[in-house]
Amino acid sequence: MKGYRTVYDPGQVLGLTDYWYIAAEARRLGRRPLGVTVLGRPLALFRRADGQPAAVLDRCAHRNAPLSHGRVDRGCLECPYHGWRYDGDGRCVEVPSFPADCTPPSRARVPALPAVESDGYIWVYPGDGPPPAAPFRFPHFGERGWTSFSMVTRFPAGAFACAENFLDCPHTVFVHQGWFRSRNAGEVRARIRRGADWVEAEFLGERDAESVVSRLLFPSSRPMVHTDRFLLPATTRVDYRFSPDRQFIITSQCTPVTAGETEVYTRITFRFGRIGPLVRLVFAPLSRRVIRQDVDILRLQTENLARFGRPHPTRVATDLLGPQIWRLWRRHRLGLPPDESTEEWEARLRF
Ligand code: FES
Ligand SMILES: [Fe+2]
């Protein structure tokens with residue numbers, strides 16, 4: 001059949017290894033090991049004796065049993081099969097069946113990844129070279145006057161589809177009709193800027209829409225400043241600013257699990273005068289509802305991509321950030337030096 005091309009591969013993010021990625025919420029990593037998959041790599045996370053996180057490949061060097069099914073003992077990870085014990089750097093420090101005076105051979109080791117704990121998450125670095133000094137910091141997390149809550153959502157979609165969705169306004173009036181935004185079809189201008197590893201769209205003239213969210217949180221329709229941002233490798237940030245003391249920031253870090261599955265770590269951080277903690281009671285379940293709607297539409301999109309052999313999308317001018325994200329990834333994947341020039345332009349759209 002004419003008109004089908006198969007050049008669109010949403011799984012290419014698996015090659016973006018030289019960044020820190022969230023592997024788990026820190027509160028989930030206690031005394032037991034935790035099995036996770038990051039960029040297609042099955043990992044066992046555990047805590048060293050000093051409480052610092054460690055990440056090793058989830059495969060015992062002996063006979064390949066999954067280490068994440070073992071236990072943590074004195075800061076080492078013990079395999080569930082014959083009890084080989086590994087330290088946080090992946091070295092086998094004990095083979096229980098050995099005579100007391102024998103030490104494990106040096107080849108008895110598993111690959112380890114750099115791991116750190118930051119902003120309530122365990123981050124791992126799947127790259128080969130030295131990792132960047134610190135992972136991305138979540139804006140205003142833990143700051144006085146700001147309230148936040150987190151969500152972890154498994155999306156049945158590639159990281160590109162997720163990032164594009166989180167920064168896409170036109171879908172909100174259909175997928176989240178009445179909940180998050182209702183169609184008012186007023187024309188909005190967007191100013192788009194891009195730099196070496198980021199791109200953002202600032203919306204001008206956006207009106208507060210009739211929706212459950214706006215009725216609950218912003219009854220006195222105020223002018224708002226709305227910005228959508230993307231940062232390599234797969235972090236999105238959406239800002240709504242109504243006044244200095246009414247501000248919402250939705251930050252999502254997408255961790256590719258496989259080419260078609262993404263673990264999305266979302267933190268919603270906001271300032272709402274003195275009643276921030278109260279607002280959270282309303283806003284948290286509402287946000288979960290909205291994110292489920294995105295999961296549902298992305299599942300359908302992923303299934304259809306597979307059914308049709310990944311046809312290329314038809315890009316239009318109102319797809320503001322998706323093509324820019326793709327461009328950033330492409331440069332990075334091809335090993336081209338970052339484009340240090342900043343550019344700025346405007347677009348018009350309705351939603
Ligand atoms: S398979 Fe792990 S100790 Fe034997
Ligand atoms: Fe959405």
# chains A, B, ... in the order shown; residues from 1 in each chain; ligands from 1

$ select_by_dssp --residues "stretch 99-276 of chain A" --states "helix (DSSP H, G or I)" --output "ChimeraX atom specification"
/A:159-166,172-175,212-217,276

$ select_by_dssp --residues "stretch 25-262 of chain A" --states "strand (DSSP E)" --output "number ranges by chain"
A: 25, 34-38, 41-47, 53-57, 71-73, 76-78, 85-86, 92-94, 112-113, 115-118, 121-124, 147-155, 187-194, 198-204, 225-231, 235-243, 246-258, 261-262

$ residues_near_ligand --ligand "ligand 1" --cutoff "12 Å" --atoms "only C-alpha atoms and all ligand atoms" --output "number ranges by chain"
A: 58-71, 77-86, 92-98, 104, 108-110

$ write_last_selection --atoms "N, CA and C atoms" --output "short mmCIF file (atom, residue, chain, number, x, y, z; two decimals), in the first residue's frame"
data_model
loop_
_atom_site.label_atom_id
_atom_site.label_comp_id
_atom_site.auth_asym_id
_atom_site.auth_seq_id
_atom_site.Cartn_x
_atom_site.Cartn_y
_atom_site.Cartn_z
N ASP A 58 20.89 -7.28 37.30
CA ASP A 58 20.08 -8.23 38.07
C ASP A 58 20.34 -9.67 37.61
N ARG A 59 21.60 -10.07 37.65
CA ARG A 59 21.94 -11.40 37.15
C ARG A 59 23.20 -11.88 37.86
N CYS A 60 23.05 -12.91 38.65
CA CYS A 60 24.20 -13.40 39.40
C CYS A 60 25.27 -13.94 38.43
N ALA A 61 26.52 -13.66 38.74
CA ALA A 61 27.62 -14.11 37.88
C ALA A 61 27.75 -15.64 37.91
N HIS A 62 27.26 -16.27 38.96
CA HIS A 62 27.38 -17.72 39.10
C HIS A 62 26.49 -18.44 38.10
N ARG A 63 25.20 -18.56 38.38
CA ARG A 63 24.31 -19.26 37.44
C ARG A 63 23.09 -18.44 37.07
N ASN A 64 23.31 -17.12 37.05
CA ASN A 64 22.33 -16.19 36.45
C ASN A 64 20.99 -16.04 37.18
N ALA A 65 20.95 -16.39 38.43
CA ALA A 65 19.69 -16.16 39.17
C ALA A 65 19.49 -14.65 39.35
N PRO A 66 18.23 -14.20 39.46
CA PRO A 66 17.99 -12.75 39.64
C PRO A 66 18.35 -12.31 41.06
N LEU A 67 19.30 -11.41 41.15
CA LEU A 67 19.77 -10.96 42.47
C LEU A 67 18.69 -10.18 43.22
N SER A 68 17.75 -9.58 42.46
CA SER A 68 16.71 -8.79 43.13
C SER A 68 15.78 -9.68 43.96
N HIS A 69 15.87 -10.99 43.78
CA HIS A 69 15.05 -11.91 44.59
C HIS A 69 15.80 -12.37 45.84
N GLY A 70 17.03 -11.86 46.00
CA GLY A 70 17.81 -12.26 47.17
C GLY A 70 17.53 -11.36 48.36
N ARG A 71 18.53 -11.23 49.22
CA ARG A 71 18.32 -10.36 50.38
C ARG A 71 19.57 -9.52 50.60
N LEU A 77 24.57 -7.64 48.72
CA LEU A 77 23.41 -8.29 48.12
C LEU A 77 23.71 -9.79 47.99
N GLU A 78 22.82 -10.59 48.56
CA GLU A 78 23.05 -12.04 48.60
C GLU A 78 22.14 -12.72 47.58
N CYS A 79 22.74 -13.54 46.70
CA CYS A 79 21.96 -14.24 45.68
C CYS A 79 21.07 -15.30 46.34
N PRO A 80 19.81 -15.44 45.82
CA PRO A 80 18.89 -16.39 46.45
C PRO A 80 19.24 -17.85 46.16
N TYR A 81 20.15 -18.11 45.21
CA TYR A 81 20.38 -19.50 44.79
C TYR A 81 21.47 -20.19 45.64
N HIS A 82 22.71 -19.69 45.62
CA HIS A 82 23.77 -20.30 46.43
C HIS A 82 24.42 -19.31 47.39
N GLY A 83 23.77 -18.15 47.51
CA GLY A 83 24.20 -17.21 48.53
C GLY A 83 25.47 -16.41 48.24
N TRP A 84 25.92 -16.36 47.00
CA TRP A 84 27.07 -15.50 46.71
C TRP A 84 26.71 -14.09 47.15
N ARG A 85 27.66 -13.40 47.73
CA ARG A 85 27.37 -12.05 48.22
C ARG A 85 28.17 -11.02 47.45
N TYR A 86 27.49 -9.94 47.02
CA TYR A 86 28.11 -8.88 46.20
C TYR A 86 28.09 -7.56 46.96
N CYS A 92 32.07 -9.87 43.99
CA CYS A 92 31.64 -10.96 44.87
C CYS A 92 32.60 -11.01 46.05
N VAL A 93 32.06 -10.87 47.25
CA VAL A 93 32.92 -10.82 48.43
C VAL A 93 32.86 -12.12 49.23
N GLU A 94 31.91 -12.99 48.86
CA GLU A 94 31.85 -14.27 49.58
C GLU A 94 31.15 -15.33 48.75
N VAL A 95 31.76 -16.51 48.69
CA VAL A 95 31.10 -17.68 48.10
C VAL A 95 30.94 -18.67 49.25
N PRO A 96 29.73 -18.84 49.79
CA PRO A 96 29.55 -19.61 51.03
C PRO A 96 30.04 -21.06 50.94
N SER A 97 30.07 -21.64 49.72
CA SER A 97 30.49 -23.05 49.61
C SER A 97 32.02 -23.20 49.64
N PHE A 98 32.76 -22.10 49.58
CA PHE A 98 34.23 -22.17 49.60
C PHE A 98 34.73 -22.52 51.00
N PRO A 104 36.75 -15.40 46.83
CA PRO A 104 36.09 -15.51 45.52
C PRO A 104 37.05 -15.08 44.41
N ALA A 108 34.38 -13.29 39.45
CA ALA A 108 33.03 -13.38 40.03
C ALA A 108 32.55 -11.98 40.38
N ARG A 109 32.03 -11.29 39.39
CA ARG A 109 31.49 -9.96 39.65
C ARG A 109 30.37 -9.65 38.68
N VAL A 110 29.55 -8.69 39.04
CA VAL A 110 28.45 -8.26 38.17
C VAL A 110 28.64 -6.78 37.86
#

$ residues_near_ligand --ligand "ligand 2" --cutoff "10 Å" --atoms "only C-alpha atoms and all ligand atoms" --output "VMD selection string"
chain A and resid 162 164 to 176 180 to 181 290 to 298

$ write_last_selection --atoms "C-alpha atoms" --output "mmCIF file, in the first residue's frame"
data_model
loop_
_atom_site.group_PDB
_atom_site.id
_atom_site.type_symbol
_atom_site.label_atom_id
_atom_site.label_comp_id
_atom_site.auth_asym_id
_atom_site.auth_seq_id
_atom_site.Cartn_x
_atom_site.Cartn_y
_atom_site.Cartn_z
ATOM 1 C CA CYS A 162 5.190 10.511 26.687
ATOM 2 C CA GLU A 164 5.469 14.897 23.511
ATOM 3 C CA ASN A 165 2.111 14.242 25.191
ATOM 4 C CA PHE A 166 3.005 16.054 28.427
ATOM 5 C CA LEU A 167 3.897 19.197 26.482
ATOM 6 C CA ASP A 168 1.027 19.101 24.032
ATOM 7 C CA CYS A 169 -1.866 21.524 24.609
ATOM 8 C CA PRO A 170 -4.196 20.636 21.703
ATOM 9 C CA HIS A 171 -4.880 17.117 23.075
ATOM 10 C CA THR A 172 -6.053 18.389 26.448
ATOM 11 C CA VAL A 173 -9.411 19.650 25.178
ATOM 12 C CA PHE A 174 -10.211 16.204 23.764
ATOM 13 C CA VAL A 175 -8.516 13.677 26.044
ATOM 14 C CA HIS A 176 -9.219 15.631 29.236
ATOM 15 C CA PHE A 180 -8.397 19.808 32.855
ATOM 16 C CA ARG A 181 -9.340 22.048 29.973
ATOM 17 C CA VAL A 290 -6.052 13.148 34.285
ATOM 18 C CA ILE A 291 -2.876 11.062 33.961
ATOM 19 C CA ARG A 292 -4.953 7.868 33.532
ATOM 20 C CA GLN A 293 -6.619 9.531 30.557
ATOM 21 C CA ASP A 294 -3.180 10.096 29.013
ATOM 22 C CA VAL A 295 -2.212 6.476 29.718
ATOM 23 C CA ASP A 296 -5.337 5.304 27.894
ATOM 24 C CA ILE A 297 -4.790 7.396 24.762
ATOM 25 C CA LEU A 298 -1.062 6.550 24.612
#

$ residues_around --residues "A:His226" --least-positions-apart "6" --cutoff "10 Å" --atoms "only C-alpha atoms" --output "number ranges by chain"
A: 190, 201-206, 238-242, 247-249

$ residues_around --residues "stretch 345-347 of chain A" --least-positions-apart "6" --cutoff "8 Å" --atoms "only C-alpha atoms" --output "list of chain:residue names"
A:Arg189, A:Ala190, A:Arg191, A:Ile192, A:Arg193, A:Ala317, A:Thr318, A:Leu320

$ write_last_selection --atoms "C-alpha atoms" --output "JSON list (two decimals), in the first residue's frame"
[["chain", "number", "residue", "atom", "x", "y", "z"],
["A", 189, "ARG", "CA", 0.24, 32.81, 20.60],
["A", 190, "ALA", "CA", 3.20, 30.73, 21.61],
["A", 191, "ARG", "CA", 6.77, 31.95, 21.78],
["A", 192, "ILE", "CA", 9.15, 29.05, 21.29],
["A", 193, "ARG", "CA", 12.78, 29.18, 22.32],
["A", 317, "ALA", "CA", 2.88, 23.87, 12.83],
["A", 318, "THR", "CA", 0.77, 23.47, 15.98],
["A", 320, "LEU", "CA", 5.00, 22.85, 18.86]]
